[in-house]
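Quick look at target.cif (mmCIF, C-alpha atoms and all ligand atoms):
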```cif
data_my_file
loop_
_atom_site.label_atom_id
_atom_site.label_comp_id
_atom_site.auth_asym_id
_atom_site.auth_seq_id
_atom_site.Cartn_x
_atom_site.Cartn_y
_atom_site.Cartn_z
CA MET M 1 107.04 -70.28 51.03
CA ARG M 2 105.42 -70.68 47.63
CA GLY M 3 103.61 -67.69 46.15
CA ARG M 4 100.38 -67.78 48.11
CA SER M 5 98.32 -65.28 50.03
CA LYS M 6 98.92 -64.83 53.73
CA LEU M 7 95.45 -66.12 54.52
CA VAL M 8 94.77 -68.83 57.08
CA THR M 9 91.34 -70.31 57.73
CA TRP M 10 89.60 -71.97 60.68
CA SER M 11 86.14 -73.40 61.20
CA PRO M 12 83.92 -72.31 64.13
CA SER M 13 82.66 -75.72 65.18
CA VAL M 14 80.93 -77.76 67.83
CA THR M 15 81.81 -81.41 68.32
CA LEU M 16 79.17 -84.06 68.98
CA VAL M 17 80.20 -87.57 69.95
CA PRO M 18 77.39 -89.95 68.86
CA THR M 19 79.19 -92.71 70.78
CA SER M 20 82.71 -93.15 72.10
CA SER M 21 82.26 -96.91 72.20
CA CYS M 22 84.35 -98.49 69.43
CA PHE M 23 84.93 -102.03 68.18
CA ASN M 24 88.47 -101.16 67.12
CA HIS M 25 91.22 -101.04 69.69
CA CYS M 26 93.96 -98.79 68.32
CA GLY M 27 97.05 -99.01 70.50
CA TYR M 28 97.37 -95.22 70.94
CA CYS M 29 93.72 -94.22 71.43
CA GLY M 30 92.67 -92.26 74.50
CA PHE M 31 89.12 -91.59 73.24
CA ARG M 32 87.64 -95.07 72.95
CA GLN M 33 85.34 -96.73 75.48
CA ALA M 34 85.05 -100.53 75.40
CA PRO M 35 81.64 -101.45 73.92
CA HIS M 36 78.99 -102.66 76.33
CA PRO M 37 78.82 -106.45 75.64
CA GLN M 38 75.06 -106.46 74.93
CA ASN M 39 74.61 -102.98 73.55
CA PRO M 40 77.47 -101.11 71.85
CA LEU M 41 75.23 -98.03 71.72
CA ALA M 42 74.57 -97.93 75.46
CA ASP M 43 76.27 -94.52 75.67
CA ALA M 44 74.62 -93.07 72.54
CA LEU M 45 74.14 -89.31 72.48
CA THR M 46 70.49 -88.33 72.75
CA GLU M 47 68.92 -85.59 70.63
CA PRO M 48 68.19 -83.34 73.64
CA GLU M 49 71.87 -83.66 74.66
CA ALA M 50 72.93 -82.83 71.10
CA GLN M 51 70.54 -79.89 70.95
CA ALA M 52 71.95 -78.53 74.23
CA SER M 53 75.49 -78.74 72.79
CA LEU M 54 74.41 -76.84 69.67
CA GLU M 55 72.85 -74.14 71.80
CA ARG M 56 76.06 -73.88 73.84
CA ARG M 57 77.87 -72.84 70.64
CA PRO M 58 75.47 -70.58 68.69
CA GLY M 59 78.21 -69.26 66.39
CA ALA M 60 79.44 -72.69 65.28
CA GLN M 61 78.47 -73.34 61.66
CA GLU M 62 80.18 -76.75 61.58
CA VAL M 63 78.84 -79.66 63.61
CA LEU M 64 81.59 -82.25 63.75
CA LEU M 65 80.14 -85.72 64.32
CA LEU M 66 83.07 -87.66 65.68
CA SER M 67 82.08 -91.21 66.44
CA GLY M 68 83.46 -94.48 67.69
CA GLU M 69 82.66 -97.33 65.32
CA VAL M 70 80.26 -100.28 65.38
CA ALA M 71 81.45 -103.42 63.56
CA PRO M 72 80.02 -103.68 60.00
CA GLN M 73 78.06 -106.88 60.66
CA ALA M 74 76.92 -106.07 64.20
CA PRO M 75 73.14 -105.76 64.82
CA GLN M 76 73.74 -102.25 66.21
CA ARG M 77 75.21 -101.01 62.93
CA ARG M 78 71.83 -99.90 61.54
CA PRO M 79 70.79 -97.99 64.69
CA TRP M 80 74.28 -96.41 64.71
CA LEU M 81 73.85 -95.17 61.14
CA ALA M 82 70.34 -93.98 61.97
CA LEU M 83 71.81 -91.99 64.87
CA LEU M 84 74.41 -90.37 62.58
CA LEU M 85 71.65 -89.44 60.12
CA ARG M 86 69.42 -88.04 62.87
CA LEU M 87 72.22 -85.92 64.28
CA SER M 88 73.09 -84.68 60.76
CA ARG M 89 69.45 -83.64 60.26
CA LEU M 90 69.42 -81.98 63.67
CA ALA M 91 72.49 -79.94 62.68
CA LEU M 92 70.77 -78.82 59.47
CA ALA M 93 67.53 -78.03 61.32
CA ASN M 94 69.57 -75.72 63.56
CA GLY M 95 71.02 -73.89 60.57
CA ARG M 96 74.42 -75.62 60.83
CA LEU M 97 76.39 -77.93 58.54
CA PRO M 98 77.32 -81.46 59.68
CA HIS M 99 80.72 -82.98 58.96
CA THR M 100 80.82 -86.67 59.84
CA ASN M 101 83.96 -88.61 60.69
CA ALA M 102 82.84 -92.07 61.74
CA GLY M 103 85.25 -94.55 60.17
CA PRO M 104 84.79 -96.68 57.05
CA LEU M 105 81.28 -96.75 55.62
CA SER M 106 79.55 -98.91 53.05
CA LEU M 107 78.65 -97.26 49.75
CA HIS M 108 75.03 -97.00 50.86
CA GLU M 109 75.96 -95.55 54.28
CA MET M 110 78.36 -92.98 52.82
CA ALA M 111 75.89 -91.95 50.11
CA ALA M 112 73.11 -91.48 52.69
CA LEU M 113 75.32 -89.33 54.91
CA GLY M 114 76.71 -87.49 51.88
CA ARG M 115 73.21 -86.20 51.07
CA LEU M 116 73.19 -84.39 54.43
CA ASN M 117 76.88 -83.65 55.03
CA PRO M 118 78.56 -81.11 52.74
CA SER M 119 81.90 -82.65 53.71
CA MET M 120 83.08 -85.75 55.49
CA GLY M 121 86.37 -87.06 56.81
CA LEU M 122 88.52 -90.10 57.47
CA MET M 123 92.16 -89.98 58.53
CA LEU M 124 94.50 -92.13 56.49
CA GLU M 125 96.74 -91.96 59.59
CA GLY M 126 99.82 -93.69 58.18
CA LEU M 127 101.31 -96.73 56.57
CA GLY M 128 104.07 -99.23 57.16
CA PRO M 129 104.92 -101.87 59.76
CA VAL M 130 104.69 -99.57 62.77
CA TRP M 131 101.10 -98.68 61.90
CA GLN M 132 100.25 -102.33 61.34
CA ARG M 133 101.38 -102.98 64.91
CA TRP M 134 99.37 -100.09 66.37
CA HIS M 135 96.32 -101.32 64.42
CA ARG M 136 96.68 -105.03 65.19
CA GLN M 137 93.31 -104.98 66.97
CA ALA M 138 91.66 -102.43 64.69
CA PRO M 139 90.12 -104.18 61.67
CA SER M 140 88.79 -100.96 60.14
CA LYS M 141 92.25 -99.38 60.09
CA ARG M 142 93.67 -101.54 57.30
CA LEU M 143 95.38 -99.28 54.77
CA GLU M 144 93.66 -100.83 51.74
CA LEU M 145 90.25 -100.34 53.32
CA ARG M 146 90.96 -96.67 54.09
CA LEU M 147 92.27 -95.99 50.61
CA LEU M 148 89.11 -97.57 49.20
CA GLN M 149 87.07 -95.27 51.44
CA LEU M 150 88.85 -92.23 50.07
CA GLU M 151 88.22 -93.51 46.57
CA GLN M 152 84.56 -94.22 47.35
CA ALA M 153 84.14 -90.64 48.62
CA GLY M 154 85.72 -89.45 45.38
CA ARG M 155 83.33 -91.51 43.27
CA LEU M 156 80.42 -90.07 45.26
CA GLY M 157 81.82 -86.54 44.81
CA ILE M 158 81.90 -85.81 48.56
CA PRO M 159 84.34 -83.04 49.57
CA PHE M 160 86.69 -84.85 51.89
CA THR M 161 89.15 -84.31 54.72
CA THR M 162 91.89 -86.79 55.45
CA GLY M 163 95.20 -86.64 57.21
CA LEU M 164 98.17 -88.25 58.89
CA LEU M 165 98.83 -88.88 62.55
CA LEU M 166 102.50 -88.11 63.08
CA GLY M 167 105.00 -89.31 65.62
CA LEU M 168 104.12 -92.91 66.39
CA GLY M 169 107.29 -94.39 64.94
CA GLU M 170 106.68 -94.04 61.20
CA SER M 171 109.65 -93.14 59.03
CA PRO M 172 109.97 -89.96 56.92
CA ARG M 173 109.76 -92.16 53.82
CA GLU M 174 106.50 -93.74 54.97
CA ARG M 175 105.05 -90.28 55.63
CA ARG M 176 105.97 -89.22 52.11
CA GLN M 177 104.48 -92.41 50.65
CA ALA M 178 101.20 -91.74 52.48
CA LEU M 179 101.10 -88.18 51.10
CA GLU M 180 101.81 -89.48 47.60
CA LEU M 181 98.84 -91.85 47.85
CA ILE M 182 96.59 -88.95 48.85
CA ALA M 183 97.98 -86.85 45.99
CA LEU M 184 97.15 -89.65 43.57
CA LEU M 185 93.57 -89.86 44.85
CA GLN M 186 93.22 -86.11 44.50
CA ALA M 187 94.58 -86.21 40.96
CA THR M 188 91.92 -88.81 40.09
CA TRP M 189 88.88 -87.53 41.95
CA GLY M 190 89.58 -83.93 42.98
CA HIS M 191 87.61 -84.23 46.23
CA VAL M 192 90.38 -83.93 48.85
CA GLN M 193 89.84 -80.45 50.25
CA GLU M 194 92.23 -80.66 53.19
CA VAL M 195 94.90 -82.84 54.73
CA ILE M 196 95.44 -82.70 58.48
CA LEU M 197 99.01 -83.05 59.69
CA GLN M 198 98.34 -84.00 63.30
CA PRO M 199 101.19 -84.39 65.75
CA TYR M 200 100.43 -87.33 68.03
CA ARG M 201 100.15 -86.32 71.68
CA PRO M 202 100.01 -89.03 74.32
CA PRO M 203 96.71 -89.28 76.21
CA GLY M 204 96.92 -87.94 79.76
CA LEU M 205 95.90 -85.16 82.02
CA SER M 206 98.69 -82.68 81.46
CA PRO M 207 99.90 -81.24 78.18
CA ALA M 208 103.50 -81.77 77.07
CA GLU M 209 105.05 -79.46 74.49
CA LEU M 210 106.52 -80.95 71.35
CA ASP M 211 110.27 -80.93 71.68
CA PRO M 212 112.21 -78.67 69.29
CA ALA M 213 113.75 -81.53 67.31
CA ARG M 214 110.31 -83.02 66.59
CA CYS M 215 109.02 -79.62 65.56
CA ASP M 216 111.92 -79.22 63.14
CA GLU M 217 111.16 -82.63 61.68
CA LEU M 218 107.47 -81.80 61.28
CA LEU M 219 108.27 -78.45 59.68
CA ASP M 220 110.27 -80.36 57.07
CA LEU M 221 107.28 -82.64 56.55
CA ILE M 222 104.91 -79.68 56.12
CA GLY M 223 107.21 -78.36 53.39
CA GLU M 224 107.27 -81.78 51.73
CA ALA M 225 103.50 -82.10 51.96
CA ARG M 226 103.09 -78.71 50.31
CA HIS M 227 105.31 -79.94 47.52
CA ILE M 228 103.68 -83.38 47.11
CA LEU M 229 100.01 -82.34 47.34
CA PRO M 230 98.34 -80.22 44.66
CA PRO M 231 98.04 -76.54 45.60
CA GLU M 232 94.25 -76.61 46.00
CA VAL M 233 94.51 -79.07 48.92
CA HIS M 234 94.59 -77.16 52.20
CA LEU M 235 97.13 -78.20 54.82
CA GLN M 236 95.74 -78.20 58.33
CA LEU M 237 97.55 -78.11 61.67
CA PRO M 238 95.63 -78.29 64.98
CA PRO M 239 96.95 -75.20 66.79
CA ASN M 240 96.53 -76.71 70.27
CA LEU M 241 98.95 -79.54 69.44
CA TRP M 242 101.74 -77.26 68.25
CA PRO M 243 103.87 -74.72 70.18
CA ARG M 244 102.31 -71.28 69.78
CA GLN M 245 105.72 -69.60 69.54
CA ARG M 246 106.45 -71.69 66.43
CA LEU M 247 103.10 -71.25 64.70
CA MET M 248 104.40 -68.73 62.17
CA GLU M 249 107.11 -71.20 61.09
CA ALA M 250 104.39 -73.76 60.36
CA LEU M 251 102.49 -71.23 58.25
CA GLU M 252 105.63 -70.25 56.38
CA ALA M 253 106.27 -73.95 55.69
CA GLY M 254 102.82 -74.42 54.12
CA ILE M 255 100.03 -74.69 56.70
CA ASP M 256 97.00 -72.61 55.64
CA ASP M 257 94.23 -73.96 57.87
CA LEU M 258 93.82 -74.39 61.63
CA GLY M 259 90.81 -76.71 61.50
CA GLY M 260 87.66 -76.75 63.59
CA ILE M 261 87.80 -74.96 66.94
CA ASP M 262 85.08 -75.73 69.50
CA GLY M 263 85.67 -73.23 72.30
CA ASP M 264 88.71 -74.49 74.17
CA ARG M 265 87.67 -78.17 73.86
CA ASP M 266 89.48 -80.95 71.99
CA VAL M 267 87.60 -84.18 72.66
CA ILE M 268 90.43 -86.37 71.33
CA ASN M 269 93.20 -84.54 73.20
CA PRO M 270 91.40 -83.05 76.23
CA ALA M 271 94.64 -82.04 77.95
CA TYR M 272 95.40 -79.65 75.08
CA ALA M 273 93.08 -76.65 75.30
CA GLN M 274 92.38 -74.82 72.06
CA PRO M 275 93.70 -71.28 71.83
CA SER M 276 91.03 -68.65 71.25
CA PRO M 277 90.52 -67.61 67.61
CA GLN M 278 90.85 -63.98 68.76
CA ALA M 279 94.30 -64.65 70.25
CA LEU M 280 95.30 -66.55 67.10
CA ALA M 281 94.05 -63.71 64.89
CA ARG M 282 96.11 -61.18 66.89
CA GLN M 283 99.22 -63.34 66.67
CA LEU M 284 98.80 -63.81 62.93
CA ALA M 285 98.00 -60.15 62.27
CA ALA M 286 101.19 -59.08 64.04
CA ALA M 287 103.11 -61.10 61.44
CA GLY M 288 101.05 -59.88 58.47
CA TRP M 289 98.69 -62.88 58.19
CA GLU M 290 94.91 -62.88 58.19
CA LEU M 291 92.83 -65.46 60.05
CA ARG M 292 89.43 -65.98 58.46
CA PRO M 293 86.50 -68.25 59.42
CA ARG M 294 85.27 -70.81 56.91
CA LEU M 295 82.64 -73.52 56.64
CA CYS M 296 83.42 -77.23 56.93
CA VAL M 297 83.32 -77.35 53.12
CA HIS M 298 85.91 -75.09 51.51
CA ARG M 299 84.57 -72.71 48.86
CA PRO M 300 86.04 -74.30 45.72
CA TRP M 301 84.12 -77.51 46.52
CA LEU M 302 80.70 -75.87 46.99
CA ASP M 303 79.73 -76.44 43.38
CA ARG M 304 80.06 -80.20 43.83
CA LEU M 305 77.28 -80.40 46.41
CA PRO M 306 73.79 -81.66 45.67
CA SER M 307 71.43 -78.73 45.09
CA PRO M 308 69.73 -78.21 48.49
CA LEU M 309 73.00 -78.52 50.39
CA ARG M 310 74.80 -76.30 47.91
CA GLN M 311 72.26 -73.50 48.23
CA ARG M 312 72.37 -73.65 51.99
CA ALA M 313 76.19 -73.71 52.14
CA GLN M 314 76.48 -70.89 49.60
CA ALA M 315 74.14 -68.71 51.64
CA MET M 316 76.14 -69.45 54.79
CA ALA M 317 79.41 -68.71 53.00
CA GLN M 318 78.03 -65.32 51.89
CA GLN M 319 77.02 -64.59 55.46
CA LEU M 320 80.58 -65.26 56.62
CA ASP M 321 81.74 -62.58 54.18
CA ARG M 322 79.51 -59.91 55.71
CA PRO M 323 81.39 -57.59 58.05
CA GLY M 324 80.60 -57.85 61.77
S1 LIG T 401 88.94 -96.26 65.53
FE1 LIG T 401 89.17 -94.23 66.49
S2 LIG T 401 87.91 -94.33 68.37
FE2 LIG T 401 88.20 -96.42 67.66
S3 LIG T 401 89.95 -97.15 68.84
FE3 LIG T 401 90.75 -96.39 66.88
S4 LIG T 401 91.31 -94.23 67.23
FE4 LIG T 401 90.00 -94.91 68.95
#
```
Would you encode the structure as structure tokens?
Amino acid sequence: MRGRSKLVTWSPSVTLVPTSSCFNHCGYCGFRQAPHPQNPLADALTEPEAQASLERRPGAQEVLLLSGEVAPQAPQRRPWLALLLRLSRLALANGRLPHTNAGPLSLHEMAALGRLNPSMGLMLEGLGPVWQRWHRQAPSKRLELRLLQLEQAGRLGIPFTTGLLLGLGESPRERRQALELIALLQATWGHVQEVILQPYRPPGLSPAELDPARCDELLDLIGEARHILPPEVHLQLPPNLWPRQRLMEALEAGIDDLGGIDGDRDVINPAYAQPSPQALARQLAAAGWELRPRLCVHRPWLDRLPSPLRQRAQAMAQQLDRPG
């Protein structure tokens, strides 16, 4: 392990799904619903439903808006963006911070959301021929488009989360190449606050543990990622997708963030219940690590935010520091 503190962060969060209907059709996705032929927003989340979800999680400072996508030229694109903006405002009105992950956005769309969201996200996922096959029917998953999105977020100065989905057939070399591209973007724009290293888990009703050989391989990758990415970029591992008995090995290899935890729910991988932060904190403390809550925007990026958002996030960050 490089010389770093034994501090690991997580974000108390609540996930809202504006719509699970999506015009892409990624070959591995268990989240997507096929769009209604006349109205892709037929299943859109209503504000009362969103408000009820926020009230269910009063301690969640982060509101993760995780949305299926509407095609860029579709007539429903404007109402979809309006819904994302309304839900972002609702989060702020409830004293929370929205973090939107809704696929590629135009400059105008990203800028509008960036005025309300102190951080946003888009997975790079991966590169190479295997990913091209998985994304054959997913126009918004082209690598060039996603890299341009990361660059656009950098130009707009939006603190950003990206990541790789691991275990769908990509080679170790392709994983390294993807990390090198992210490192290059960070060197240019400095906005990449965290990179998620997400083991792929097949959709289904029952959880299946990662086998030891795959864990070993991913531990090697975590070490490589820590080496390739600049030290300020946090490395995130979803704790519900990784064997608990090997969590300390992942931290020793370079993981320093466990991401957003919304009770025991994971809307993308519903078979994999989240561990409780209290149980995680006990496990970490026994090995000399500290688990600490954070906001969706990590502290070093607070200064980049536009003034009203910055003041709000700074006040919330100070509140997190208060004991009890
Ligand atoms: S873009 Fe996301 S929601 Fe849509 S099909 Fe792909 S993985 Fe599923």
Please report, as a Markdown table, each residue of chain M lying at most 6 Å from ligand LIG 401 (chain T), together with the nearest pair of atoms and the separation in Å rounded to one decimal; use all atoms listed in the file, and order rows by chain and ascending residue number.
```
| residue | atom | partner | partner_atom | distance |
| --- | --- | --- | --- | --- |
| M:Cys22 | CA | T:LIG401 | FE2 | 4.7 |
| M:Asn24 | CA | T:LIG401 | S3 | 4.6 |
| M:His25 | CA | T:LIG401 | S3 | 4.2 |
| M:Cys26 | CA | T:LIG401 | FE3 | 4.3 |
| M:Cys29 | CA | T:LIG401 | FE4 | 4.5 |
| M:Phe31 | CA | T:LIG401 | FE4 | 5.5 |
| M:Arg32 | CA | T:LIG401 | FE4 | 4.6 |
| M:Gly68 | CA | T:LIG401 | S2 | 4.5 |
```
Using only C-alpha atoms, please write the residues we just selected to a file, as a short mmCIF file (atom, residue, chain, number, x, y, z; two decimals), keeping the file's coordinate frame.
```cif
data_model
loop_
_atom_site.label_atom_id
_atom_site.label_comp_id
_atom_site.auth_asym_id
_atom_site.auth_seq_id
_atom_site.Cartn_x
_atom_site.Cartn_y
_atom_site.Cartn_z
CA CYS M 22 84.35 -98.49 69.43
CA ASN M 24 88.47 -101.16 67.12
CA HIS M 25 91.22 -101.04 69.69
CA CYS M 26 93.96 -98.79 68.32
CA CYS M 29 93.72 -94.22 71.43
CA PHE M 31 89.12 -91.59 73.24
CA ARG M 32 87.64 -95.07 72.95
CA GLY M 68 83.46 -94.48 67.69
#
```
Just the number, please: distance in Å from CA of Ala52 (chain M) to CA of Val14 (chain M), one decimal.
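CA of Val14 (chain M) lies 11.1 Å from CA of Ala52 (chain M).
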Skipping near chain neighbours, those fewer than 4 positions away, what residues fall within 12 Å of Lys141 (chain M) using only C-alpha atoms, listed as an MDAnalysis selection string?
chainID M and resid 23:27 69 103:104 122:127 131:137 145:149
Dump of C-alpha atoms for the selected residues, as a compact mmCIF listing (two decimals), keeping the file's coordinate frame:
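Result file again-v2.txt:
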```
# COMPACT_ATOMS: atom_id res chain seq x y z
CA PHE M 23 84.93 -102.03 68.18
CA ASN M 24 88.47 -101.16 67.12
CA HIS M 25 91.22 -101.04 69.69
CA CYS M 26 93.96 -98.79 68.32
CA GLY M 27 97.05 -99.01 70.50
CA GLU M 69 82.66 -97.33 65.32
CA GLY M 103 85.25 -94.55 60.17
CA PRO M 104 84.79 -96.68 57.05
CA LEU M 122 88.52 -90.10 57.47
CA MET M 123 92.16 -89.98 58.53
CA LEU M 124 94.50 -92.13 56.49
CA GLU M 125 96.74 -91.96 59.59
CA GLY M 126 99.82 -93.69 58.18
CA LEU M 127 101.31 -96.73 56.57
CA TRP M 131 101.10 -98.68 61.90
CA GLN M 132 100.25 -102.33 61.34
CA ARG M 133 101.38 -102.98 64.91
CA TRP M 134 99.37 -100.09 66.37
CA HIS M 135 96.32 -101.32 64.42
CA ARG M 136 96.68 -105.03 65.19
CA GLN M 137 93.31 -104.98 66.97
CA LEU M 145 90.25 -100.34 53.32
CA ARG M 146 90.96 -96.67 54.09
CA LEU M 147 92.27 -95.99 50.61
CA LEU M 148 89.11 -97.57 49.20
CA GLN M 149 87.07 -95.27 51.44
```
Just to confirm, what's the straight-line distance from CA of Gln193 (chain M) to CA of Pro275 (chain M) in Å (one decimal)?
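Value for the CA of Gln193 (chain M)-CA of Pro275 (chain M) distance: 23.8 Å.
With all atoms listed in the file as the atoms that count, the residue of M:Glu209, M:Gln76, M:Arg176, M:Tyr28 with the shortest distance to Val130 (chain M) is M:Tyr28.
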CA of Leu295 (chain M) to CA of Asn117 (chain M) measures 11.8 Å
Around all the atoms of region 65-74 of chain M listed in the file, draw an axis-aligned box and extend it by 8 Å on each of the six sides; I want its centre and edge lengths in Å to one decimal, as AutoDock Vina command-line options.
```
--center_x 80.2 --center_y -96.3 --center_z 63.8 --size_x 22.5 --size_y 37.2 --size_z 23.7
```
Could you build a table of the residues in region 23-66 of chain M lying no more than 12 Å from region 308-319 of chain M, giving for each the nearest pair of atoms and their separation in Å rounded to one decimal place, using all atoms listed in the file, ordered by chain and ascending residue number, as CSV?
```
residue,atom,partner,partner_atom,distance
M:Gly59,CA,M:Met316,CA,11.8
M:Ala60,CA,M:Met316,CA,11.5
M:Gln61,CA,M:Met316,CA,8.2
M:Glu62,CA,M:Ala313,CA,10.7
```
Skipping near chain neighbours, those fewer than 2 positions away, what residues fall within 12 Å of Gln177 (chain M) using all atoms listed in the file, listed as a list in words?
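Once the nearby chain positions are removed, what remains is Leu124, Glu125, Gly126, Leu127, Gly128, Leu164, Glu170, Ser171, Pro172, Arg173, Glu174, Arg175, Leu179, Glu180, Leu181, Ile182, Ala183, Leu184, Leu221, Glu224, Ala225, Ile228 and Leu229 of chain M.
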Here's a test: counting all atoms listed in the file, identify every protein, DNA and RNA residue with an atom at most 12 Å from (110.9, -85.8, 66.1) in the file's coordinate frame, and state them as a PyMOL selection string.
chain M and resi 166-172+199-200+210-221
What lies within 8 Å of Ile222 (chain M) using all atoms listed in the file, ignoring chain neighbours under 5 positions off, as a ChimeraX atom specification?
/M:197,250,253-255
Minimum-distance residue to Leu116 (chain M), chosen among M:Leu305, M:Leu16, M:Met248, M:Val195 (using only C-alpha atoms):
M:Leu305
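Of the listed residues M:Gly259, M:Pro139, M:Pro306, M:Pro230, the one whose atoms come nearest to Arg292 (chain M) is M:Gly259, with distances taken using all atoms listed in the file.
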Residue with smallest distance to Asp262 (chain M) - pool M:Asn94, M:Gln245, M:Thr46, M:Asn240, counting all atoms listed in the file
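Answer, going by the shortest atom-to-atom distance: M:Asn240.
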If we count only C-alpha atoms and set the cut-off at 8 Å, which residues sit around Gln198 (chain M), ignoring sequence neighbours fewer than 6 positions away in its own chain? Please answer as a list in words.
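Near Gln198 (chain M), the qualifying residues are Gly163, Leu164, Leu165, Leu166, Leu237, Pro238 and Leu241 of chain M.
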Taking C-alpha atoms for each residue, export the selection above as a CSV table (one decimal), in the frame of the given file.
```
chain,number,residue,atom,x,y,z
M,163,GLY,CA,95.2,-86.6,57.2
M,164,LEU,CA,98.2,-88.2,58.9
M,165,LEU,CA,98.8,-88.9,62.6
M,166,LEU,CA,102.5,-88.1,63.1
M,237,LEU,CA,97.6,-78.1,61.7
M,238,PRO,CA,95.6,-78.3,65.0
M,241,LEU,CA,99.0,-79.5,69.4
```
With distances taken over all atoms listed in the file, which residue among M:Leu107, M:Ser21, M:Gly121, M:Leu90 lies nearest Ala71 (chain M)?
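With all atoms listed in the file as the atom set, the closest residue is M:Ser21.
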